[in-house]
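Asker: Would you mind keeping the following structure in view while I ask a few things?
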Amino acid sequence: MIPVAEALARVLALAGPLATEAVALRQAAGRVLAAPVIARLTQPPFAASAMDGYAIREEDHLPGRVLEVIGEAAAGRGFGGTVGTGEAARIFTGAPVPAGAGRVILQEDVTREGARITLGDRLEEGRHIRAAGQDFALGDSIAGPRRIGPREIALFAAMNVPEVTVRRRPVVAFLSTGDELVMPGEAPGPDQIVASNGLALAAMAEAEGAEARVLPIARDSEASLRFALSLAEGADMIVTIGGASVGDHDLVGQVLAGLGMEQAFWKIAMRPGKPLMAGRLGGIPVLGLPGNPVSAIICGTIFMLPMIRAMQGLADPAPAPGRAILGEAVAANGPRAHYMRAILTPGEELAEIRALPRQDSALLSILATANALLIRPVGDVARAPGEVVDYLPL
Ligand code: AMP
Ligand code: MG
């Protein structure tokens, strides 16, 4: 048995970053930035008012001071003149601060009569001016790799960058295998069940920025497997589900080997999980997951998602565990790391985590109830409530 970390390192060695492409900002959400974004302007481009009020000179900033309003600066339409001593310009949020003015007095802090304003008795310290370039300057750059979300899109848009360079979306082909499987919606025969985890893994891959291609279910025959695999042509990665153990009907490894994959099987010191199969076929990585739905989804979380992140060029593709306080005791763990289905609830400092009572790896209902995996290291001793443990969010 090899530790989870070693298996992860081995599958990651199969998955390198894909080529880059330019996409419009509107299409960039969820993609991974692959080249720096350089600001094409300075923001704000000019000193701008942060409030509605009056722009005045510094020396006029005195309680009770009476000033003459000589013009108006609005957003998108500045005041061309200069504010002199004894003068003020009406100003609105986002408008350029006129020449001569050193601060903005809030409109609530003055009384106005005709073209005259009188400053109040209690004046504020704040100048209410956004300095030119206080957000970013022309030429400032944002480096990749970095997942692009709504906040990055706002920043790049403000930088006047309409197009960004990102990694190509990995196309992942999913192959469910088994004579017992039918598609959701079909009527299962007497000894059949509905295939569940191909769709789940496809959804996980898509949520991680990949493009999923769900292949038709292959029967447990060489011909069927070979045909289904031919439909993966053009994919960047193949994920097989089931048929990878040592049973008489577990033909996936054999068929892949026949197609020329140098393959590896590892017994992983992990629960739930079976031997994991991995290799390269025609230059692309292949990951063989166990068929058991809970095992497939947990192995997908721990091995497939990091491979997808690596293909997108992300720097730290491995799962990042969080820390939580144990809410309920757990027994000592055996020789395999145990990823226990658990409930994480917000706590005062750290969140609190409790393992669900039923941990049978065939229970999808329990997996769907869980929102975290409580990680029990190999050979861990029994743990009491209050102890700090690692978890992976689901
Ligand atoms: P296998 O690895 O093919 O021996 O499958 C292990 C268990 O997982 C068996 O009980 C299969 O019926 C089940 N199984 C395999 N593939 C799927 C799938 N795509 N959806 C749901 N169950 C599956
Ligand atoms: Mg099978």
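In the structure tokens, each chain is lettered A, B, ... as it comes, each chain's residues begin at 1, and ligands are numbered from 1 in order of appearance.
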Using only C-alpha atoms and all ligand atoms, which protein or nucleic acid residues are at most 7 Å from ligand 1, as an MDAnalysis selection string?
Answerer: chainID A and resid 176:178 180:181 193:198 241:245 250 290:293
Asker: Could the residues in this selection be written to a file with C-alpha atoms, as a short mmCIF file (atom, residue, chain, number, x, y, z; two decimals), in the first residue's frame?
Answerer:
data_model
loop_
_atom_site.label_atom_id
_atom_site.label_comp_id
_atom_site.auth_asym_id
_atom_site.auth_seq_id
_atom_site.Cartn_x
_atom_site.Cartn_y
_atom_site.Cartn_z
CA SER A 176 -18.61 4.13 -16.78
CA THR A 177 -18.26 0.39 -17.14
CA GLY A 178 -20.40 -2.54 -16.10
CA GLU A 180 -25.22 -4.05 -14.40
CA LEU A 181 -25.46 -0.34 -15.26
CA ILE A 193 -28.68 -0.60 -11.10
CA VAL A 194 -28.62 3.00 -12.33
CA ALA A 195 -25.19 4.47 -13.06
CA SER A 196 -24.64 7.42 -10.78
CA ASN A 197 -21.04 8.38 -10.45
CA GLY A 198 -20.17 9.15 -14.07
CA ILE A 241 -15.12 4.18 -13.50
CA GLY A 242 -15.28 0.61 -12.23
CA GLY A 243 -13.92 -2.56 -13.74
CA ALA A 244 -10.43 -1.88 -12.48
CA SER A 245 -10.11 -4.46 -9.72
CA ASP A 250 -12.66 -6.26 -14.54
CA PRO A 290 -13.26 2.49 -8.31
CA GLY A 291 -16.86 1.79 -9.29
CA ASN A 292 -18.33 2.08 -5.84
CA PRO A 293 -20.03 5.50 -5.97
#
Asker: Name all residues at most 8 Å from A:Asp135 (count only C-alpha atoms; drop same-chain ones fewer than 5 positions away) and give them as a list of chain:residue names.
Answerer: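 Non-adjacent residues within range: A:Thr42, A:Gln43, A:Pro44.
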Asker: For those residues, write N, CA, C and O atoms to a file as a tab-separated table (two decimals), in the first residue's frame.
Answerer:
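Done, and the output landed in out_13.tsv:
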chain	number	residue	atom	x	y	z
A	42	THR	N	-4.41	54.26	-15.64
A	42	THR	CA	-4.26	54.50	-14.21
A	42	THR	C	-5.66	54.70	-13.62
A	42	THR	O	-6.51	55.31	-14.26
A	43	GLN	N	-5.87	54.16	-12.41
A	43	GLN	CA	-7.20	54.26	-11.81
A	43	GLN	C	-7.14	54.79	-10.39
A	43	GLN	O	-6.40	54.24	-9.61
A	44	PRO	N	-7.88	55.81	-9.97
A	44	PRO	CA	-8.64	56.65	-10.90
A	44	PRO	C	-7.69	57.43	-11.81
A	44	PRO	O	-6.56	57.73	-11.40
Asker: How many Å separate atom CA of A:Ile366 from atom CA of A:Ala200?
Answerer: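 Spanning atom CA of A:Ile366 to atom CA of A:Ala200 is a straight-line distance of 14.9 Å.
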Asker: Report, in Å to a single decimal, how far apart atom CA of A:Ala132 and atom CA of A:Glu68 are.
Answerer: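 A separation of 26.7 Å between them.
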Asker: With DSSP run on the backbone, what are the alpha helix (DSSP H) residues within stretch 203-335 of chain A? I'd like them as a ChimeraX atom specification.
Answerer: /A:203-207,222-230,252-258,293-299,305-311
Asker: Could you pull the residues within 7 Å of A:Gly379, counting only C-alpha atoms, minus those fewer than 4 positions along the same chain, as a VMD selection string?
Answerer: chain A and resid 333 to 335
Asker: So, counting only C-alpha atoms and all ligand atoms, which residue among A:Ala22, A:Thr118, A:Gly253, A:Arg31 is closest to ligand 2?
Answerer: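 Ranked by minimum distance to ligand 2, first place goes to A:Gly253.
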Asker: Could you name the residues that touch A:Asp390 at 6 Å or less, counting only C-alpha atoms, but leaving out those on the same chain fewer than 5 positions away, as a short mmCIF file (atom, residue, chain, number, x, y, z; two decimals) with all heavy atoms, in the first residue's frame?
Answerer:
data_model
loop_
_atom_site.label_atom_id
_atom_site.label_comp_id
_atom_site.auth_asym_id
_atom_site.auth_seq_id
_atom_site.Cartn_x
_atom_site.Cartn_y
_atom_site.Cartn_z
N PRO A 321 -6.39 20.85 2.95
CA PRO A 321 -7.25 20.56 4.10
C PRO A 321 -7.43 21.80 4.98
O PRO A 321 -6.55 22.65 5.05
CB PRO A 321 -6.48 19.48 4.87
CG PRO A 321 -5.38 19.04 3.98
CD PRO A 321 -5.09 20.15 3.04
N GLY A 322 -8.60 21.89 5.60
CA GLY A 322 -8.85 22.91 6.61
C GLY A 322 -8.67 22.29 7.99
O GLY A 322 -8.47 21.08 8.12
N ARG A 323 -8.73 23.12 9.03
CA ARG A 323 -8.61 22.63 10.41
C ARG A 323 -9.94 22.87 11.11
O ARG A 323 -10.56 23.92 10.94
CB ARG A 323 -7.52 23.41 11.15
CG ARG A 323 -6.21 23.49 10.39
CD ARG A 323 -5.31 22.30 10.62
NE ARG A 323 -4.67 22.32 11.92
CZ ARG A 323 -4.19 21.23 12.51
NH1 ARG A 323 -4.32 20.06 11.90
NH2 ARG A 323 -3.61 21.29 13.68
N ILE A 375 -10.51 13.88 7.92
CA ILE A 375 -9.35 13.06 7.53
C ILE A 375 -8.73 12.41 8.76
O ILE A 375 -8.26 13.09 9.66
CB ILE A 375 -8.28 13.92 6.81
CG1 ILE A 375 -8.89 14.67 5.62
CG2 ILE A 375 -7.12 13.04 6.36
CD1 ILE A 375 -7.92 15.65 4.95
#
Asker: Mind pulling up the distance from atom CA of A:Leu138 to atom CA of A:Val83?
Answerer: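 Going from atom CA of A:Val83 over to atom CA of A:Leu138, I get 28.5 Å.
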Asker: Using only C-alpha atoms, can you tell me which of A:Ile105, A:Val164, A:Leu67, A:Met183 comes closest to A:Ala50?
Answerer: A:Ile105
Asker: Can you check which residues of stretch 166-384 of chain A DSSP gives as strand (DSSP E or B) on the backbone and send them as a PyMOL selection string?
Answerer: chain A and resi 166-167+171-177+181-182+193-194+211-214+218+237-241+262-266+268+270-271+276-281+284-289+322-326+330+337-345+351-355+372-376+383
Asker: Go ahead and save the picked residues with C-alpha atoms, as a short mmCIF file (atom, residue, chain, number, x, y, z; two decimals), in the first residue's frame.
Answerer:
data_model
loop_
_atom_site.label_atom_id
_atom_site.label_comp_id
_atom_site.auth_asym_id
_atom_site.auth_seq_id
_atom_site.Cartn_x
_atom_site.Cartn_y
_atom_site.Cartn_z
CA VAL A 166 -5.87 31.51 -20.06
CA ARG A 167 -5.19 27.76 -20.10
CA VAL A 171 -11.63 18.05 -21.92
CA VAL A 172 -12.21 15.05 -19.65
CA ALA A 173 -13.91 11.93 -21.01
CA PHE A 174 -15.79 9.79 -18.48
CA LEU A 175 -16.32 6.10 -19.07
CA SER A 176 -18.61 4.13 -16.78
CA THR A 177 -18.26 0.39 -17.14
CA LEU A 181 -25.46 -0.34 -15.26
CA VAL A 182 -28.22 1.54 -17.05
CA ILE A 193 -28.68 -0.60 -11.10
CA VAL A 194 -28.62 3.00 -12.33
CA GLU A 211 -15.26 20.34 -20.10
CA ALA A 212 -16.81 16.94 -19.43
CA ARG A 213 -17.61 14.39 -22.12
CA VAL A 214 -19.78 11.57 -20.77
CA ALA A 218 -19.38 0.23 -21.67
CA MET A 237 -7.81 13.06 -20.00
CA ILE A 238 -9.75 9.84 -19.63
CA VAL A 239 -11.42 8.84 -16.37
CA THR A 240 -12.71 5.27 -16.20
CA ILE A 241 -15.12 4.18 -13.50
CA GLU A 262 1.82 1.75 -19.75
CA GLN A 263 -0.21 1.43 -16.64
CA ALA A 264 0.22 1.38 -12.97
CA PHE A 265 -2.02 0.02 -10.26
CA TRP A 266 -1.44 1.09 -6.73
CA ILE A 268 -3.60 3.02 -1.74
CA MET A 270 -6.99 4.96 1.90
CA ARG A 271 -10.59 4.36 2.89
CA LEU A 276 -6.23 3.20 -8.23
CA MET A 277 -5.27 2.75 -11.86
CA ALA A 278 -3.33 5.37 -13.76
CA GLY A 279 -1.23 5.76 -16.85
CA ARG A 280 -0.83 7.52 -20.16
CA LEU A 281 -2.55 6.55 -23.36
CA ILE A 284 -2.93 11.79 -22.31
CA PRO A 285 -3.41 10.85 -18.66
CA VAL A 286 -5.83 8.09 -17.74
CA LEU A 287 -7.23 7.72 -14.24
CA GLY A 288 -9.09 4.57 -13.29
CA LEU A 289 -11.44 5.12 -10.37
CA GLY A 322 -8.85 22.91 6.61
CA ARG A 323 -8.61 22.63 10.41
CA ALA A 324 -11.62 22.03 12.61
CA ILE A 325 -12.41 21.10 16.20
CA LEU A 326 -13.76 17.64 16.78
CA VAL A 330 -13.64 9.20 16.99
CA ALA A 337 -6.19 7.00 5.91
CA HIS A 338 -9.93 7.31 6.46
CA TYR A 339 -11.91 10.06 4.75
CA MET A 340 -14.99 10.04 6.98
CA ARG A 341 -18.19 11.65 5.78
CA ALA A 342 -18.80 14.45 8.24
CA ILE A 343 -20.81 17.55 9.09
CA LEU A 344 -18.94 20.80 9.51
CA THR A 345 -20.67 23.61 11.42
CA ALA A 351 -15.44 25.21 12.70
CA GLU A 352 -16.69 22.12 14.52
CA ILE A 353 -16.74 18.73 12.80
CA ARG A 354 -18.63 15.52 13.56
CA ALA A 355 -18.31 12.25 11.66
CA ALA A 372 -16.88 17.65 4.64
CA LEU A 373 -14.51 14.72 4.83
CA LEU A 374 -12.89 14.29 8.22
CA ILE A 375 -9.35 13.06 7.53
CA ARG A 376 -8.08 10.34 9.83
CA ARG A 383 -9.44 11.46 19.36
#
Asker: For A:Gly53, please output as a PyMOL selection string all residues within 9 Å (counting only C-alpha atoms; exclusion window: fewer than 4 positions along the same chain).
Answerer: chain A and resi 49+89-93+104-110
Asker: Using the selection just defined, write its residues with N, CA and C atoms as an mmCIF file, in the first residue's frame.
Answerer:
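As written to disk, selection.cif reads:
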data_model
loop_
_atom_site.group_PDB
_atom_site.id
_atom_site.type_symbol
_atom_site.label_atom_id
_atom_site.label_comp_id
_atom_site.auth_asym_id
_atom_site.auth_seq_id
_atom_site.Cartn_x
_atom_site.Cartn_y
_atom_site.Cartn_z
ATOM 1 N N SER A 49 -13.727 63.208 -6.719
ATOM 2 C CA SER A 49 -14.467 63.390 -5.470
ATOM 3 C C SER A 49 -15.065 62.061 -5.029
ATOM 4 N N ALA A 89 -16.611 75.039 -5.801
ATOM 5 C CA ALA A 89 -17.305 74.465 -6.966
ATOM 6 C C ALA A 89 -18.220 73.359 -6.460
ATOM 7 N N ARG A 90 -19.465 73.357 -6.927
ATOM 8 C CA ARG A 90 -20.369 72.256 -6.617
ATOM 9 C C ARG A 90 -19.746 71.017 -7.233
ATOM 10 N N ILE A 91 -19.732 69.903 -6.479
ATOM 11 C CA ILE A 91 -19.094 68.694 -7.021
ATOM 12 C C ILE A 91 -19.881 67.457 -6.623
ATOM 13 N N PHE A 92 -19.840 66.448 -7.496
ATOM 14 C CA PHE A 92 -20.560 65.199 -7.249
ATOM 15 C C PHE A 92 -19.590 64.020 -7.281
ATOM 16 N N THR A 93 -20.018 62.918 -6.667
ATOM 17 C CA THR A 93 -19.162 61.724 -6.575
ATOM 18 C C THR A 93 -18.672 61.289 -7.951
ATOM 19 N N VAL A 104 -12.998 68.232 -0.410
ATOM 20 C CA VAL A 104 -14.435 68.316 -0.695
ATOM 21 C C VAL A 104 -15.157 68.364 0.649
ATOM 22 N N ILE A 105 -16.024 69.379 0.784
ATOM 23 C CA ILE A 105 -16.861 69.499 1.982
ATOM 24 C C ILE A 105 -18.198 68.819 1.674
ATOM 25 N N LEU A 106 -18.642 67.957 2.580
ATOM 26 C CA LEU A 106 -19.925 67.275 2.339
ATOM 27 C C LEU A 106 -21.054 68.293 2.242
ATOM 28 N N GLN A 107 -22.006 68.000 1.364
ATOM 29 C CA GLN A 107 -23.113 68.959 1.200
ATOM 30 C C GLN A 107 -23.913 69.119 2.496
ATOM 31 N N GLU A 108 -23.900 68.060 3.346
ATOM 32 C CA GLU A 108 -24.613 68.140 4.638
ATOM 33 C C GLU A 108 -23.938 69.126 5.588
ATOM 34 N N ASP A 109 -22.677 69.473 5.336
ATOM 35 C CA ASP A 109 -21.927 70.322 6.266
ATOM 36 C C ASP A 109 -21.908 71.797 5.860
ATOM 37 N N VAL A 110 -22.759 72.161 4.891
ATOM 38 C CA VAL A 110 -22.832 73.583 4.499
ATOM 39 C C VAL A 110 -24.296 74.003 4.433
#
